[in-house]
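Undergrad: So I've got this file, upload.txt, and it contains compact mmCIF, C-alpha atoms:
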# COMPACT_ATOMS: atom_id res chain seq x y z
CA MET A 1 -20.42 43.14 0.89
CA LYS A 2 -16.81 41.98 0.51
CA LYS A 3 -16.37 38.36 -0.59
CA PHE A 4 -13.77 36.29 1.19
CA SER A 5 -11.93 33.64 -0.81
CA GLU A 6 -10.98 30.35 0.87
CA THR A 7 -7.69 30.54 2.75
CA ASN A 8 -4.68 28.43 1.82
CA ILE A 9 -5.00 26.62 5.15
CA GLY A 10 -8.60 25.72 4.30
CA ARG A 11 -7.73 24.52 0.80
CA ILE A 12 -4.77 22.44 1.96
CA GLY A 13 -6.72 20.99 4.88
CA ARG A 14 -9.62 20.04 2.63
CA PHE A 15 -7.25 18.46 0.09
CA LEU A 16 -5.63 16.26 2.75
CA LYS A 17 -8.93 15.42 4.39
CA ASN A 18 -10.36 14.18 1.08
CA THR A 19 -7.60 11.57 0.88
CA PRO A 20 -7.08 10.43 4.49
CA ASN A 21 -3.97 8.41 5.42
CA LYS A 22 -2.38 9.20 2.06
CA SER A 23 0.84 11.14 2.38
CA TYR A 24 1.97 13.93 0.05
CA THR A 25 5.16 15.94 -0.22
CA VAL A 26 5.00 19.72 0.17
CA LYS A 27 5.85 19.96 -3.53
CA ASP A 28 2.97 17.62 -4.50
CA ILE A 29 0.50 19.79 -2.59
CA SER A 30 2.05 22.91 -4.02
CA ILE A 31 1.72 21.64 -7.62
CA ASN A 32 -1.75 20.13 -7.13
CA LEU A 33 -3.25 23.23 -5.55
CA LYS A 34 -1.02 25.77 -7.31
CA ILE A 35 0.10 27.34 -4.04
CA ASN A 36 3.61 28.62 -3.26
CA PRO A 37 5.59 25.85 -1.47
CA LYS A 38 6.50 28.21 1.38
CA SER A 39 2.81 28.89 2.04
CA VAL A 40 2.10 25.15 1.91
CA SER A 41 4.80 24.44 4.44
CA SER A 42 3.62 27.13 6.80
CA SER A 43 -0.05 26.13 6.45
CA LEU A 44 0.77 22.51 7.22
CA SER A 45 2.66 23.50 10.36
CA ARG A 46 -0.33 25.55 11.46
CA LEU A 47 -2.76 22.72 10.75
CA LYS A 48 -0.51 20.37 12.69
CA ALA A 49 -0.05 22.47 15.81
CA GLY A 50 -3.15 24.70 15.74
CA ARG A 51 -3.19 28.47 16.05
CA ASN A 52 -2.39 30.70 19.00
CA LYS A 53 -5.29 31.26 21.34
CA THR A 54 -5.95 34.91 22.11
CA GLY A 55 -7.91 36.55 24.85
CA MET A 56 -8.40 39.89 26.58
CA ILE A 57 -5.81 40.62 29.27
CA ASN A 58 -5.99 43.96 31.08
CA GLY A 59 -8.29 45.23 28.34
CA ARG A 60 -5.89 44.31 25.54
CA LYS A 61 -5.94 41.39 23.14
CA ARG A 62 -3.05 39.10 23.96
CA ILE A 63 -1.82 35.58 23.09
CA LEU A 64 -2.77 33.34 26.01
CA LYS A 65 0.06 31.41 27.66
CA THR A 66 0.18 28.07 29.46
CA LYS A 67 1.60 27.78 32.99
CA SER A 68 4.97 26.83 31.54
CA GLY A 69 4.98 29.93 29.36
CA LYS A 70 4.22 28.34 25.99
CA ASN A 71 1.53 29.76 23.70
CA ARG A 72 -1.86 28.15 24.17
CA LYS A 73 -3.05 26.55 20.94
CA THR A 74 -6.46 25.97 19.52
CA ALA A 75 -7.16 23.58 16.63
CA TYR A 76 -8.59 24.69 13.30
CA GLU A 77 -12.18 23.55 12.86
CA GLY A 78 -12.27 19.95 11.63
CA PHE A 79 -8.53 19.48 12.17
CA LYS A 80 -8.03 18.28 15.71
CA ILE A 81 -4.41 18.74 16.80
CA GLY A 82 -2.43 15.70 15.70
CA THR A 83 -4.65 14.70 12.79
CA VAL A 84 -2.51 16.50 10.21
CA ARG A 85 0.96 15.10 10.73
CA ASN A 86 4.21 14.53 8.90
CA THR A 87 4.80 10.82 8.48
CA SER A 88 8.41 10.99 7.35
CA LYS A 89 10.71 13.77 6.22
CA GLY A 90 8.75 16.07 3.94
CA ARG A 91 5.59 13.93 3.74
CA TRP A 92 2.26 15.01 5.21
CA GLU A 93 -1.05 13.27 5.70
CA PHE A 94 -4.46 13.60 7.33
CA PHE A 95 -4.58 10.74 9.81
CA THR A 96 -7.76 8.83 10.57
CA LYS A 97 -8.08 5.57 12.43
CA THR A 98 -9.18 2.83 10.09
CA LYS A 99 -11.57 0.01 10.77
CA PHE A 100 -9.20 -2.60 9.37
CA LYS A 101 -5.59 -3.60 9.79
CA LEU A 102 -3.31 -5.40 7.40
CA TRP A 103 -2.02 -8.72 8.74
CA LYS A 104 0.48 -11.25 7.52
CA VAL A 105 -0.05 -14.85 8.57
CA ASP A 106 2.29 -17.77 8.01
CA PHE A 107 2.66 -21.45 8.61
CA LYS A 108 5.49 -23.91 8.57
CA LEU A 109 5.75 -27.61 8.98
CA ILE A 110 8.38 -28.11 11.64
CA GLU A 111 11.92 -28.54 10.27
CA THR A 112 12.44 -31.94 8.81
CA ASN A 113 16.10 -31.69 7.96
CA SER A 114 17.28 -31.49 11.55
CA LYS A 115 19.41 -34.27 13.03
CA ASN A 116 16.63 -35.38 15.32
CA LYS A 117 14.51 -36.80 12.52
CA LYS A 118 12.55 -39.12 14.70
CA LYS A 119 11.11 -36.22 16.61
CA ASN A 120 10.62 -33.75 13.78
CA ARG A 121 10.08 -35.52 10.50
CA TRP A 122 6.69 -35.46 8.84
CA ASP A 123 7.57 -37.52 5.82
CA GLU A 124 9.51 -40.74 5.26
CA SER A 125 12.15 -38.93 3.18
CA GLY A 126 12.87 -36.74 6.17
CA ASN A 127 14.14 -33.62 4.43
CA MET A 128 11.15 -32.03 2.74
CA ASP A 129 9.97 -28.62 3.78
CA LEU A 130 6.70 -26.74 3.44
CA SER A 131 5.92 -23.17 4.49
CA GLY A 132 3.68 -20.34 3.38
CA HIS A 133 2.59 -16.79 4.05
CA ALA A 134 -0.31 -14.54 3.06
CA THR A 135 -1.49 -10.99 3.71
CA GLY A 136 -5.01 -9.67 4.09
CA LEU A 137 -7.33 -7.31 5.97
CA VAL A 138 -8.69 -8.03 9.42
CA PRO A 139 -11.19 -5.92 11.43
CA SER A 140 -9.29 -3.76 13.97
CA SER A 141 -10.89 -5.30 17.04
CA VAL A 142 -9.81 -8.88 16.29
CA GLU A 143 -7.06 -10.33 18.49
CA LYS A 144 -3.95 -12.06 17.22
CA SER A 145 -4.92 -15.53 18.42
CA ARG A 146 -8.15 -15.27 16.45
CA VAL A 147 -6.36 -14.06 13.29
CA VAL A 148 -3.95 -16.97 13.53
CA GLY A 149 -6.71 -19.45 14.33
CA ILE A 150 -8.78 -18.40 11.33
CA ALA A 151 -6.52 -16.95 8.62
CA ALA A 152 -3.29 -18.88 9.24
CA ALA A 153 -5.22 -22.13 9.58
CA GLU A 154 -7.03 -21.43 6.30
CA LEU A 155 -3.69 -20.67 4.63
CA PHE A 156 -2.36 -23.98 5.92
CA ARG A 157 -5.37 -25.87 4.57
CA LYS A 158 -5.00 -24.13 1.18
CA GLY A 159 -1.32 -25.06 1.24
CA LEU A 160 -2.18 -28.71 1.72
CA ASP A 161 -4.77 -28.48 -1.09
CA ILE A 162 -2.15 -27.06 -3.43
CA MET A 163 0.33 -29.79 -2.52
CA GLN A 164 -2.40 -32.39 -3.07
CA GLY A 165 -2.88 -30.93 -6.56
CA GLU A 166 0.85 -31.26 -7.13
CA GLY A 167 0.78 -34.93 -6.17
CA VAL A 168 2.07 -34.58 -2.60
CA SER A 169 -0.63 -35.78 -0.26
CA LEU A 170 -0.17 -34.58 3.30
CA TRP A 171 -3.75 -34.42 4.53
CA ASN A 172 -3.45 -37.63 6.50
CA ALA A 173 0.10 -36.99 7.70
CA VAL A 174 -0.38 -33.69 9.56
CA ALA A 175 -3.04 -32.01 11.65
CA GLU A 176 -3.31 -28.23 11.94
CA ASP A 177 -4.01 -28.35 15.68
CA ASP A 178 -0.84 -30.33 16.39
CA SER A 179 1.68 -27.66 17.39
CA LYS A 180 4.47 -30.25 17.34
CA THR A 181 4.23 -30.60 13.56
CA VAL A 182 2.67 -27.31 12.44
CA TYR A 183 3.63 -23.78 13.35
CA LEU A 184 0.96 -21.14 12.71
CA GLY A 185 1.78 -17.46 13.23
CA GLY A 186 0.74 -13.95 12.38
CA GLN A 187 1.75 -10.35 12.74
CA MET A 188 0.13 -7.01 12.04
CA ILE A 189 2.12 -5.23 9.32
CA ASN A 190 0.11 -2.06 8.72
CA GLU A 191 -2.11 -0.35 11.25
CA ASN A 192 -3.57 2.09 8.74
CA PRO A 193 -3.97 0.47 5.34
CA LEU A 194 -5.42 2.66 2.58
CA ASP A 195 -8.37 0.32 2.02
CA LYS A 196 -11.70 1.95 2.78
CA LYS A 197 -13.74 -1.23 2.39
CA TYR A 198 -13.23 -4.70 3.79
CA ASP A 199 -11.63 -7.02 1.26
CA SER A 200 -12.10 -10.71 2.00
CA ARG A 201 -9.27 -11.80 -0.30
CA TRP A 202 -5.91 -12.96 1.10
CA ASP A 203 -2.91 -13.38 -1.21
CA GLY A 204 0.32 -15.18 -0.55
CA LYS A 205 2.81 -17.85 -1.47
CA ILE A 206 3.48 -21.47 -0.58
CA ASN A 207 7.08 -22.66 -0.65
CA PHE A 208 7.85 -26.34 -0.95
CA VAL A 209 11.18 -28.19 -0.93
CA ASN A 210 10.97 -31.77 -2.16
CA ASN A 211 12.92 -34.80 -1.00
CA ILE A 212 15.84 -34.11 -3.35
CA GLY A 213 16.12 -30.47 -2.28
CA SER A 214 14.40 -28.75 -5.25
CA SER A 215 12.36 -25.67 -4.31
CA TYR A 216 8.94 -24.84 -5.68
CA SER A 217 6.80 -21.80 -5.10
CA TYR A 218 3.03 -21.51 -5.63
CA ASN A 219 0.72 -18.51 -5.42
CA VAL A 220 -2.16 -18.95 -3.04
CA ASN A 221 -5.32 -16.95 -2.42
CA PHE A 222 -8.37 -17.51 -0.31
CA GLU A 223 -11.29 -15.58 1.11
CA ILE A 224 -12.32 -14.90 4.69
CA GLU A 225 -15.56 -13.03 5.22
CA GLU A 226 -15.71 -10.27 7.84
CA ASN A 227 -18.33 -12.10 9.92
CA GLU A 228 -16.08 -15.16 10.31
CA TYR A 229 -14.13 -13.25 12.98
CA ASP A 230 -17.27 -12.66 15.11
CA MET S 231 -6.80 -9.66 -24.84
CA ILE S 232 -7.84 -7.24 -22.10
CA ASP S 233 -10.44 -4.61 -23.05
CA VAL S 234 -8.29 -1.58 -23.87
CA ASP S 235 -11.35 0.70 -23.71
CA ARG S 236 -11.90 -0.07 -20.07
CA LYS S 237 -11.64 3.04 -17.84
CA VAL S 238 -8.73 3.60 -15.49
CA GLU S 239 -8.78 6.15 -12.66
CA SER S 240 -5.10 6.43 -11.87
CA ILE S 241 -1.80 6.24 -13.69
CA GLY S 242 1.70 5.55 -12.38
CA ILE S 243 4.87 7.08 -13.78
CA ASP S 244 8.32 5.70 -13.02
CA ILE S 245 11.14 8.23 -13.24
CA ASP S 246 14.60 6.70 -13.07
CA GLY S 247 17.47 8.92 -11.98
CA PHE S 248 17.60 11.97 -9.74
CA ASP S 249 17.53 14.78 -12.31
CA LYS S 250 15.57 17.50 -10.42
CA PRO S 251 14.63 19.76 -13.37
CA PHE S 252 13.38 16.71 -15.29
CA LEU S 253 11.36 15.49 -12.29
CA ASN S 254 9.94 18.98 -11.87
CA LYS S 255 8.87 19.10 -15.52
CA VAL S 256 7.18 15.68 -15.31
CA GLN S 257 5.41 16.61 -12.04
CA HIS S 258 4.02 19.82 -13.54
CA ASN S 259 2.92 18.06 -16.75
CA ALA S 260 1.36 15.23 -14.72
CA ALA S 261 -0.59 17.71 -12.57
CA GLU S 262 -2.52 18.71 -15.71
CA TYR S 263 -4.13 15.26 -15.68
CA GLY S 264 -4.87 14.83 -11.99
CA ASN S 265 -3.64 15.06 -8.41
CA ILE S 266 -0.11 13.77 -8.12
CA GLN S 267 1.53 11.85 -5.29
CA THR S 268 5.31 11.47 -5.47
CA THR S 269 7.30 8.81 -3.63
CA ARG S 270 10.99 7.96 -3.71
CA SER S 271 12.00 4.67 -5.29
CA LYS S 272 15.31 2.85 -5.24
CA ASN S 273 16.44 4.40 -8.52
CA GLY S 274 14.44 7.61 -8.68
CA HIS S 275 10.80 8.55 -8.12
CA HIS S 276 7.32 7.16 -8.61
CA ILE S 277 4.49 9.54 -9.41
CA LYS S 278 0.92 8.35 -8.95
CA ILE S 279 -1.70 10.45 -10.74
CA ASP S 280 -5.33 10.26 -9.59
CA LEU S 281 -6.96 11.40 -12.82
CA PHE S 282 -9.48 14.26 -12.83
CA VAL S 283 -11.29 12.49 -15.67
CA PRO S 284 -10.97 8.68 -15.94
CA THR S 285 -9.53 7.65 -19.28
CA THR S 286 -9.30 4.44 -21.29
CA LEU S 287 -6.54 1.93 -20.68
CA LYS S 288 -5.28 2.57 -24.24
CA ASN S 289 -5.05 6.34 -23.66
CA SER S 290 -3.35 5.82 -20.31
CA LEU S 291 -0.41 4.20 -22.09
CA TRP S 292 -0.12 7.24 -24.39
CA ILE S 293 -0.29 9.62 -21.42
CA ARG S 294 2.46 7.67 -19.71
CA PHE S 295 4.52 7.83 -22.90
CA TYR S 296 3.99 11.62 -23.11
CA LEU S 297 4.96 11.99 -19.47
CA ASN S 298 8.26 10.17 -20.07
CA ASP S 299 7.42 7.03 -18.13
CA ASP S 300 10.07 4.30 -18.26
CA PRO S 301 9.65 2.83 -21.82
CA LEU S 302 10.43 -0.66 -20.58
CA ARG S 303 7.54 -0.43 -18.15
CA ILE S 304 5.15 0.71 -20.88
CA LEU S 305 6.28 -2.20 -23.04
CA PHE S 306 5.87 -4.54 -20.09
CA ASP S 307 2.28 -3.37 -19.54
CA ALA S 308 1.47 -3.55 -23.26
CA MET S 309 2.67 -7.15 -23.21
CA ARG S 310 0.50 -7.86 -20.19
CA ILE S 311 -2.53 -6.48 -22.04
CA ILE S 312 -1.82 -8.69 -25.04
CA SER S 313 -1.27 -11.73 -22.88
CA ASP S 314 -4.55 -11.09 -21.02
CA ASN S 315 -2.92 -10.58 -17.64
CA ASP S 316 -5.24 -8.36 -15.65
CA ASN S 317 -2.62 -6.96 -13.31
CA ILE S 318 -1.85 -3.95 -15.48
CA ASP S 319 0.22 -1.33 -13.72
CA VAL S 320 3.58 -2.58 -12.55
CA LEU S 321 4.69 0.66 -10.89
CA TRP S 322 4.77 -0.83 -7.44
CA ASP S 323 5.82 -4.29 -8.51
CA GLU S 324 9.23 -5.64 -9.14
CA LYS S 325 10.27 -5.16 -12.74
CA GLN S 326 12.36 -7.90 -14.20
CA LYS S 327 13.51 -7.70 -17.80
CA LYS S 328 13.57 -11.46 -18.11
CA SER S 329 9.84 -11.62 -17.31
CA ILE S 330 9.04 -9.99 -20.65
CA ASN S 331 10.43 -13.04 -22.45
CA GLY S 332 8.08 -15.19 -20.40
CA ILE S 333 5.06 -13.07 -21.30
CA ILE S 334 5.96 -13.03 -25.01
CA THR S 335 6.27 -16.81 -24.97
CA GLN S 336 2.87 -17.17 -23.25
CA SER S 337 1.01 -14.95 -25.71
Please go through the file and, once you have read it, give me the structure as structure tokens.
TA:
Amino acid sequence: MKKFSETNIGRIGRFLKNTPNKSYTVKDISINLKINPKSVSSSLSRLKAGRNKTGMINGRKRILKTKSGKNRKTAYEGFKIGTVRNTSKGRWEFFTKTKFKLWKVDFKLIETNSKNKKKNRWDESGNMDLSGHATGLVPSSVEKSRVVGIAAAELFRKGLDIMQGEGVSLWNAVAEDDSKTVYLGGQMINENPLDKKYDSRWDGKINFVNNIGSSYSYNVNFEIEENEYD
Amino acid sequence: MIDVDRKVESIGIDIDGFDKPFLNKVQHNAAEYGNIQTTRSKNGHHIKIDLFVPTTLKNSLWIRFYLNDDPLRILFDAMRIISDNDNIDVLWDEKQKKSINGIITQS
């Protein structure tokens, strides 16, 4: 019986599927799998759009057409149409929805160097400034308000701890739930991070300007367990 | 000092400049060690190699040297190993020449 070797489409599809959401150039795939770049390019296009669907028409095998006259397509097994896609010019990936998203949260004590010091100042000197940001993973289903309420608030508390360690005590001067003195925010920055597992660690920076205008920057990290968002 | 016999599973190569034949040569050589993933950088290309066989941290520096990785970056990482800084590969980080002085002073 004749043995069939695996097709280029199968090899390329398997290669991309083994590393989901990781994009490769045609040349990368060509070098990694030792396949001619032209074949790689053509195989990727086929995996992306599917193959023509054929059927018997008037006793002959013909490519089936849609109502608008385009060829009907059928996906290759395991590669639903749209899962293999080109992310940017010349880069291809196997797309899968991830369970986590990458978020960036930030906080800022409301401007203290504005003219209206009575309203805005949080310190007697009136011109200090404290802000911070951090990035970390959040389960996909969690809403923005919850991310801000948990992660940004934790960042803010860590920021105050760091300042306490540096000799600037603010714990009694500000409250995280007072939106007049503290701004807490957050935004999703990557819908499909490469992380396969949840990582509780958040990393970021705290920026502080003292009363004579000198700037200081401190690294900050903290942990938020997955179940804290429940 | 960081354990130089610890295993690493991927290596990053930084290629400065846009010399296509040179890039091609490095890509083909790199593919002998693992699956490569090339991305454009500001000054050239980055190649990430997911190794077929994990190697030691010490060997990874030699492989990078053989694959013509930016010598400054190799030096930078060697300094990080000596100074016990665990964040080894600086491929995706910002490289600043002045930072090396800081690391030398620390160690």
Undergrad: I need the contact residues of chain S against chain A, so if you could list those with any atom within 7 Å, counting all atoms listed in the file, and return them as an MDAnalysis selection string, that would help.
TA: chainID S and resid 258 261 265:268
Undergrad: To one decimal place, how far is atom CA of A:Lys65 from atom CA of A:Arg51 in Å?
TA: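 Value for the atom CA of A:Lys65-atom CA of A:Arg51 distance: 12.4 Å.
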Undergrad: Grab the atom CA of A:Glu226 to atom CA of A:Pro139 distance for me, in Å with one decimal place.
TA: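 So the answer is 7.2 Å.
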Undergrad: Calculate how many Å separate atom CA of S:Asn273 from atom CA of A:Glu191, rounding to one decimal.
TA: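 Separation between atom CA of S:Asn273 and atom CA of A:Glu191: 27.5 Å.
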Undergrad: Within 10 Å of stretch 233-249 of chain S, counting only C-alpha atoms, which residues qualify if same-chain residues fewer than 3 places away don't, as a PyMOL selection string?
TA: chain S and resi 252-254+256-257+260+263-291+293-295+297-301+303-304+308+311-312+314+316+319-322
Undergrad: Considering all atoms listed in the file, return as a VMD selection string whatever protein or nucleic-acid residues lie within 9 Å of A:Arg201, sequence-local ones (same chain, fewer than 6 positions apart) excluded.
TA: chain A and resid 135 to 137 221 to 225
Undergrad: Applying 10 Å and all atoms listed in the file, which residues near A:Lys197 remain after dropping the ones on its own chain fewer than 5 positions away? List them as a PyMOL selection string.
TA: chain A and resi 98-100+137
Undergrad: Can those selected residues be exported to a file as an mmCIF file, keeping the file's coordinate frame so that it contains C-alpha atoms?
TA:
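Written file, selection21.cif:
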data_model
loop_
_atom_site.group_PDB
_atom_site.id
_atom_site.type_symbol
_atom_site.label_atom_id
_atom_site.label_comp_id
_atom_site.auth_asym_id
_atom_site.auth_seq_id
_atom_site.Cartn_x
_atom_site.Cartn_y
_atom_site.Cartn_z
ATOM 1 C CA THR A 98 -9.180 2.830 10.090
ATOM 2 C CA LYS A 99 -11.570 0.010 10.770
ATOM 3 C CA PHE A 100 -9.200 -2.600 9.370
ATOM 4 C CA LEU A 137 -7.330 -7.310 5.970
#
Undergrad: For stretch 205-211 of chain A, find every residue with an atom within 6 Å (counting all atoms listed in the file), except residues of its own chain fewer than 6 positions away, and show them as a count of residues only.
TA: 12
Undergrad: Give me the residues within 8 Å of stretch 144-152 of chain A as number ranges by chain, counting all atoms listed in the file and dropping any in the same chain fewer than 3 places off.
TA: A: 105-107, 138, 155-156, 184-187, 224, 229
